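**Student:** Please read through the structure below; I'll follow up with questions.
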Amino acid sequence: MKQKVSFSVEGEYVELNQLLKLVGLCESGGAGKVLVAGGQVKVDGKTELRKTAKIRPGQIVRLGEVEIAVQT
């Protein structure tokens with residue numbers, strides 16, 4: 001069962017590892033980097049390996065069964 005989460009960005013973007021921490025999918029930005037480096041995170045359907053990729057409003061981030069819709 002998929003879980004959908006909405007996240008509102010303050011400013012132009014949020015770094016991918018920080019986004020994972022802010023929505024509660026990991027305990028720290030460092031733990032988020034490990035998830036990204038392990039190829040477990042997708043952005044707009046493609047595996048994202050850049051730990052600090054800039055995630056902007058309108059993008060969809062997926063980790064396992066959790067889908068994060070990023071908005072303003």
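Please note that chains go A, B, ... in the order of the structure tokens, that every chain numbers its residues from 1, and that ligands are numbered from 1 in the order shown.
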Would you list the contacts of region 68-72 of chain A as a list in words, taking every protein, DNA or RNA residue within 10 Å and counting only C-alpha atoms, but skipping same-chain residues closer than 6 positions in sequence?
**Tutor:** Gln3, Lys4, Val5, Ser6, Phe7, Ser8, Val9, Glu10, Gly11, Glu12, Tyr13, Val14, Leu19, Leu20, Val23, Val43, Asp44, Ile55, Arg56, Pro57, Gly58, Gln59, Ile60, Val61 and Arg62 of chain A
**Student:** Please identify the strand (DSSP E) residues within chain A (assignment by DSSP from backbone atoms) and present them as number ranges by chain.
**Tutor:** A: 3-8, 14-15, 41-43, 46-47, 54-55, 60-63, 66-71
**Student:** Please provide the set of residues having any atom within 6 Å of Leu16 (chain A), restricted to only C-alpha atoms, with same-chain residues fewer than 2 positions apart removed, written as a ChimeraX atom specification.
**Tutor:** /A:18-19,52-53
**Student:** In chain A, what's alpha helix (DSSP H) per DSSP? Answer as an NGL selection string?
**Tutor:** :A and (16-22 or 29-37)
**Student:** Write the selection just made, keeping C-alpha atoms, as a short mmCIF file (atom, residue, chain, number, x, y, z; two decimals), in the first residue's frame?
**Tutor:**
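Written out: part.cif:
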data_model
loop_
_atom_site.label_atom_id
_atom_site.label_comp_id
_atom_site.auth_asym_id
_atom_site.auth_seq_id
_atom_site.Cartn_x
_atom_site.Cartn_y
_atom_site.Cartn_z
CA LEU A 16 17.14 15.45 -1.45
CA ASN A 17 18.84 14.08 1.68
CA GLN A 18 17.28 16.87 3.78
CA LEU A 19 13.83 16.21 2.30
CA LEU A 20 13.99 12.57 3.42
CA LYS A 21 14.86 13.74 6.94
CA LEU A 22 12.22 16.48 7.04
CA GLY A 29 20.62 14.05 6.56
CA GLY A 30 23.51 11.57 6.72
CA ALA A 31 21.09 8.63 6.84
CA GLY A 32 19.31 10.20 3.86
CA LYS A 33 22.59 10.28 1.94
CA VAL A 34 23.05 6.54 2.57
CA LEU A 35 19.57 5.81 1.17
CA VAL A 36 20.24 7.93 -1.93
CA ALA A 37 23.72 6.45 -2.48
#
**Student:** Please determine, counting only C-alpha atoms, which residue among A:Ser28, A:Glu15, A:Leu63, A:Lys2 has the shortest atom-to-atom distance to Lys46 (chain A).
**Tutor:**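 Under the stated criterion, the closest residue is A:Leu63.
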**Student:** Just checking: using only C-alpha atoms, which residue out of A:Lys51, A:Glu67, A:Gly38, A:Gly45 ends up closest to Leu25 (chain A)?
**Tutor:**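 Nearest candidate to Leu25 (chain A) out of A:Lys51, A:Glu67, A:Gly38, A:Gly45: A:Glu67.
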